[in-house]
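Listing of input_36.cif, mmCIF, N, CA and C atoms
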data_model
loop_
_atom_site.label_atom_id
_atom_site.label_comp_id
_atom_site.auth_asym_id
_atom_site.auth_seq_id
_atom_site.Cartn_x
_atom_site.Cartn_y
_atom_site.Cartn_z
N MET A 7 0.85 -1.18 0.00
CA MET A 7 0.00 0.00 0.00
C MET A 7 0.89 1.24 0.00
N PRO A 8 0.70 2.14 -0.95
CA PRO A 8 1.54 3.34 -0.99
C PRO A 8 1.24 4.27 0.17
N LYS A 9 2.30 4.94 0.62
CA LYS A 9 2.12 5.92 1.68
C LYS A 9 1.44 7.15 1.11
N SER A 10 0.71 7.85 1.97
CA SER A 10 0.07 9.09 1.53
C SER A 10 0.41 10.20 2.50
N LEU A 11 0.33 11.42 2.02
CA LEU A 11 0.65 12.59 2.82
C LEU A 11 -0.55 13.01 3.66
N ASP A 12 -0.28 13.39 4.88
CA ASP A 12 -1.29 13.99 5.74
C ASP A 12 -1.65 15.34 5.15
N ASP A 13 -2.95 15.61 4.97
CA ASP A 13 -3.38 16.87 4.35
C ASP A 13 -3.14 18.08 5.24
N LEU A 14 -3.01 17.88 6.54
CA LEU A 14 -2.82 19.02 7.44
C LEU A 14 -1.37 19.45 7.51
N ASP A 15 -0.48 18.50 7.80
CA ASP A 15 0.93 18.87 7.99
C ASP A 15 1.87 18.23 6.97
N GLU A 16 1.30 17.54 5.97
CA GLU A 16 2.06 16.91 4.90
C GLU A 16 3.06 15.86 5.38
N PHE A 17 2.80 15.28 6.56
CA PHE A 17 3.63 14.19 7.06
C PHE A 17 3.44 12.99 6.14
N ASP A 18 4.53 12.37 5.76
CA ASP A 18 4.52 11.21 4.87
C ASP A 18 4.69 9.96 5.71
N GLY A 19 3.56 9.29 6.01
CA GLY A 19 3.66 8.14 6.88
C GLY A 19 2.74 7.01 6.48
N ALA A 20 3.13 5.80 6.86
CA ALA A 20 2.34 4.62 6.53
C ALA A 20 1.02 4.59 7.27
N GLU A 21 0.92 5.30 8.40
CA GLU A 21 -0.30 5.27 9.21
C GLU A 21 -1.37 6.25 8.71
N THR A 22 -1.04 7.09 7.76
CA THR A 22 -1.99 8.08 7.24
C THR A 22 -3.17 7.35 6.59
N ARG A 23 -4.38 7.75 6.96
CA ARG A 23 -5.59 7.13 6.45
C ARG A 23 -6.57 8.18 5.92
N THR A 24 -7.45 7.75 5.05
CA THR A 24 -8.50 8.61 4.53
C THR A 24 -9.69 8.58 5.47
N HIS A 25 -10.18 9.76 5.83
CA HIS A 25 -11.36 9.90 6.69
C HIS A 25 -12.39 10.72 5.94
N MET A 26 -13.65 10.35 6.12
CA MET A 26 -14.75 11.05 5.45
C MET A 26 -15.63 11.72 6.49
N LEU A 27 -16.11 12.91 6.16
CA LEU A 27 -17.09 13.58 7.00
C LEU A 27 -18.03 14.36 6.10
N GLN A 28 -19.19 14.68 6.65
CA GLN A 28 -20.20 15.39 5.87
C GLN A 28 -20.83 16.46 6.75
N ILE A 29 -20.93 17.66 6.20
CA ILE A 29 -21.56 18.78 6.88
C ILE A 29 -22.41 19.51 5.85
N ASP A 30 -23.66 19.77 6.19
CA ASP A 30 -24.57 20.48 5.29
C ASP A 30 -24.60 19.88 3.90
N ASP A 31 -24.73 18.56 3.84
CA ASP A 31 -24.83 17.83 2.58
C ASP A 31 -23.60 17.94 1.68
N ILE A 32 -22.50 18.37 2.24
CA ILE A 32 -21.24 18.40 1.50
C ILE A 32 -20.32 17.36 2.13
N ALA A 33 -19.88 16.39 1.33
CA ALA A 33 -19.01 15.34 1.82
C ALA A 33 -17.55 15.74 1.61
N TYR A 34 -16.73 15.42 2.59
CA TYR A 34 -15.31 15.74 2.55
C TYR A 34 -14.50 14.48 2.78
N GLU A 35 -13.32 14.42 2.18
CA GLU A 35 -12.34 13.37 2.43
C GLU A 35 -11.04 14.06 2.81
N VAL A 36 -10.39 13.53 3.83
CA VAL A 36 -9.13 14.12 4.26
C VAL A 36 -8.19 12.99 4.68
N GLU A 37 -6.93 13.13 4.30
CA GLU A 37 -5.90 12.17 4.69
C GLU A 37 -5.26 12.68 5.98
N LEU A 38 -5.30 11.85 7.04
CA LEU A 38 -4.75 12.27 8.33
C LEU A 38 -3.99 11.15 9.01
N THR A 39 -2.94 11.54 9.73
CA THR A 39 -2.26 10.60 10.62
C THR A 39 -3.18 10.35 11.82
N PRO A 40 -2.96 9.29 12.56
CA PRO A 40 -3.77 9.06 13.76
C PRO A 40 -3.75 10.24 14.73
N GLU A 41 -2.62 10.88 14.87
CA GLU A 41 -2.51 12.02 15.79
C GLU A 41 -3.39 13.19 15.33
N ASN A 42 -3.36 13.50 14.04
CA ASN A 42 -4.17 14.61 13.55
C ASN A 42 -5.65 14.25 13.52
N TYR A 43 -5.97 12.98 13.32
CA TYR A 43 -7.37 12.55 13.39
C TYR A 43 -7.89 12.71 14.82
N ASP A 44 -7.07 12.32 15.80
CA ASP A 44 -7.46 12.51 17.20
C ASP A 44 -7.67 13.98 17.53
N THR A 45 -6.83 14.85 16.98
CA THR A 45 -6.98 16.29 17.19
C THR A 45 -8.30 16.77 16.60
N LEU A 46 -8.63 16.31 15.40
CA LEU A 46 -9.90 16.68 14.77
C LEU A 46 -11.07 16.24 15.64
N LEU A 47 -11.05 14.99 16.11
CA LEU A 47 -12.13 14.49 16.96
C LEU A 47 -12.24 15.26 18.26
N ASP A 48 -11.09 15.61 18.85
CA ASP A 48 -11.11 16.40 20.09
C ASP A 48 -11.77 17.76 19.87
N MET A 49 -11.48 18.39 18.73
CA MET A 49 -12.07 19.69 18.43
C MET A 49 -13.57 19.59 18.17
N LEU A 50 -14.01 18.49 17.54
CA LEU A 50 -15.43 18.31 17.22
C LEU A 50 -16.23 17.72 18.37
N ASN A 51 -15.55 17.20 19.38
CA ASN A 51 -16.20 16.46 20.45
C ASN A 51 -17.37 17.19 21.12
N PRO A 52 -17.30 18.49 21.43
CA PRO A 52 -18.44 19.15 22.07
C PRO A 52 -19.72 19.04 21.22
N TRP A 53 -19.60 19.11 19.91
CA TRP A 53 -20.77 19.01 19.04
C TRP A 53 -21.16 17.55 18.82
N LEU A 54 -20.17 16.67 18.69
CA LEU A 54 -20.48 15.25 18.47
C LEU A 54 -21.22 14.64 19.66
N LYS A 55 -20.89 15.10 20.87
CA LYS A 55 -21.57 14.57 22.06
C LYS A 55 -23.05 14.93 22.06
N LYS A 56 -23.42 16.03 21.43
CA LYS A 56 -24.82 16.48 21.40
C LYS A 56 -25.56 16.05 20.13
N ALA A 57 -24.82 15.63 19.13
CA ALA A 57 -25.42 15.29 17.84
C ALA A 57 -26.14 13.95 17.89
N ARG A 58 -27.08 13.79 16.99
CA ARG A 58 -27.79 12.52 16.82
C ARG A 58 -27.12 11.74 15.70
N LYS A 59 -26.85 10.47 15.95
CA LYS A 59 -26.25 9.61 14.92
C LYS A 59 -27.33 9.15 13.97
N ILE A 60 -26.97 9.12 12.69
CA ILE A 60 -27.89 8.70 11.63
C ILE A 60 -27.28 7.51 10.93
N ASN A 61 -28.05 6.45 10.75
CA ASN A 61 -27.56 5.28 10.03
C ASN A 61 -27.46 5.59 8.56
N ARG A 62 -26.39 5.12 7.95
CA ARG A 62 -26.21 5.29 6.51
C ARG A 62 -27.05 4.25 5.78
N THR A 63 -27.54 4.65 4.61
CA THR A 63 -28.24 3.70 3.74
C THR A 63 -27.47 3.63 2.44
N ARG A 64 -27.38 2.45 1.89
CA ARG A 64 -26.66 2.27 0.61
C ARG A 64 -27.53 1.59 -0.37
#
Could you spell out this file's structure in C-alpha cells?
Amino acid sequence: MPKSLDDLDEFDGAETRTHMLQIDDIAYEVELTPENYDTLLDMLNPWLKKARKINRTR
C-alpha cells in the first residue's frame, strides 16, 4: 500500500488514512495521521456529544 501525505501537515507516513465527513450535505475526504485525526475528533467532540447519529443507507 503506498504511503500518503497527511493533508494538514504533509507528514509522509504509513499510518496516514483517509477519513470522510459530511456537513450540510457536502461530503469531505481528508488524509490524516492518527494524531491529527485525534486532534480533529477532540475539536469536534463538544458538538459530536450532542449530535444525533444517523444510520447510513446504501
Discussion item. As an exercise, work out the distance from atom CA of A:Gly19 to atom N of A:Leu47 in Å and give it to one decimal place.
Written reply: 18.7 Å
Fill in: Residues flagged alpha helix (DSSP H) by DSSP in stretch 10-63 of chain A, as a VMD selection string
chain A and resid 40 to 56
Could the residues in this selection be written to a file with N, CA and C atoms, as a tab-separated table (two decimals), keeping the file's coordinate frame?
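Below you can see out33.tsv, which holds the result:
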chain	number	residue	atom	x	y	z
A	40	PRO	N	-2.96	9.29	12.56
A	40	PRO	CA	-3.77	9.06	13.76
A	40	PRO	C	-3.75	10.24	14.73
A	41	GLU	N	-2.62	10.88	14.87
A	41	GLU	CA	-2.51	12.02	15.79
A	41	GLU	C	-3.39	13.19	15.33
A	42	ASN	N	-3.36	13.50	14.04
A	42	ASN	CA	-4.17	14.61	13.55
A	42	ASN	C	-5.65	14.25	13.52
A	43	TYR	N	-5.97	12.98	13.32
A	43	TYR	CA	-7.37	12.55	13.39
A	43	TYR	C	-7.89	12.71	14.82
A	44	ASP	N	-7.07	12.32	15.80
A	44	ASP	CA	-7.46	12.51	17.20
A	44	ASP	C	-7.67	13.98	17.53
A	45	THR	N	-6.83	14.85	16.98
A	45	THR	CA	-6.98	16.29	17.19
A	45	THR	C	-8.30	16.77	16.60
A	46	LEU	N	-8.63	16.31	15.40
A	46	LEU	CA	-9.90	16.68	14.77
A	46	LEU	C	-11.07	16.24	15.64
A	47	LEU	N	-11.05	14.99	16.11
A	47	LEU	CA	-12.13	14.49	16.96
A	47	LEU	C	-12.24	15.26	18.26
A	48	ASP	N	-11.09	15.61	18.85
A	48	ASP	CA	-11.11	16.40	20.09
A	48	ASP	C	-11.77	17.76	19.87
A	49	MET	N	-11.48	18.39	18.73
A	49	MET	CA	-12.07	19.69	18.43
A	49	MET	C	-13.57	19.59	18.17
A	50	LEU	N	-14.01	18.49	17.54
A	50	LEU	CA	-15.43	18.31	17.22
A	50	LEU	C	-16.23	17.72	18.37
A	51	ASN	N	-15.55	17.20	19.38
A	51	ASN	CA	-16.20	16.46	20.45
A	51	ASN	C	-17.37	17.19	21.12
A	52	PRO	N	-17.30	18.49	21.43
A	52	PRO	CA	-18.44	19.15	22.07
A	52	PRO	C	-19.72	19.04	21.22
A	53	TRP	N	-19.60	19.11	19.91
A	53	TRP	CA	-20.77	19.01	19.04
A	53	TRP	C	-21.16	17.55	18.82
A	54	LEU	N	-20.17	16.67	18.69
A	54	LEU	CA	-20.48	15.25	18.47
A	54	LEU	C	-21.22	14.64	19.66
A	55	LYS	N	-20.89	15.10	20.87
A	55	LYS	CA	-21.57	14.57	22.06
A	55	LYS	C	-23.05	14.93	22.06
A	56	LYS	N	-23.42	16.03	21.43
A	56	LYS	CA	-24.82	16.48	21.40
A	56	LYS	C	-25.56	16.05	20.13
Worksheet item: atom C of A:Ala33 to atom N of A:Arg62: how many Å, to one decimal?
Response: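 Taking atom C of A:Ala33 as the start and atom N of A:Arg62 as the end point, the length is 15.2 Å.
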Discussion item. I'd like the interatomic distance between atom C of A:His25 and atom N of A:Leu38, to a tenth of an Å.
Written reply: 7.3 Å
Item to complete: Could you pull out the residues in chain A that DSSP calls strand (DSSP E) from the backbone, as a ChimeraX atom specification?
Response: /A:10-11,18-19,23-29,32-38
Worksheet entry | Result set, the PyMOL selection byres ((chain A and resi 22) around 8) on current file, as an NGL selection string | :A and (9-13 or 17-21 or 23-25 or 36-40)
Listed atoms of stretch 14-24 of chain A boxed axis-aligned with 4 Å per side, centre + edges as lines of an AutoDock Vina configuration file:
center_x = -2.5
center_y = 12.0
center_z = 6.9
size_x = 22.4
size_y = 22.9
size_z = 12.7
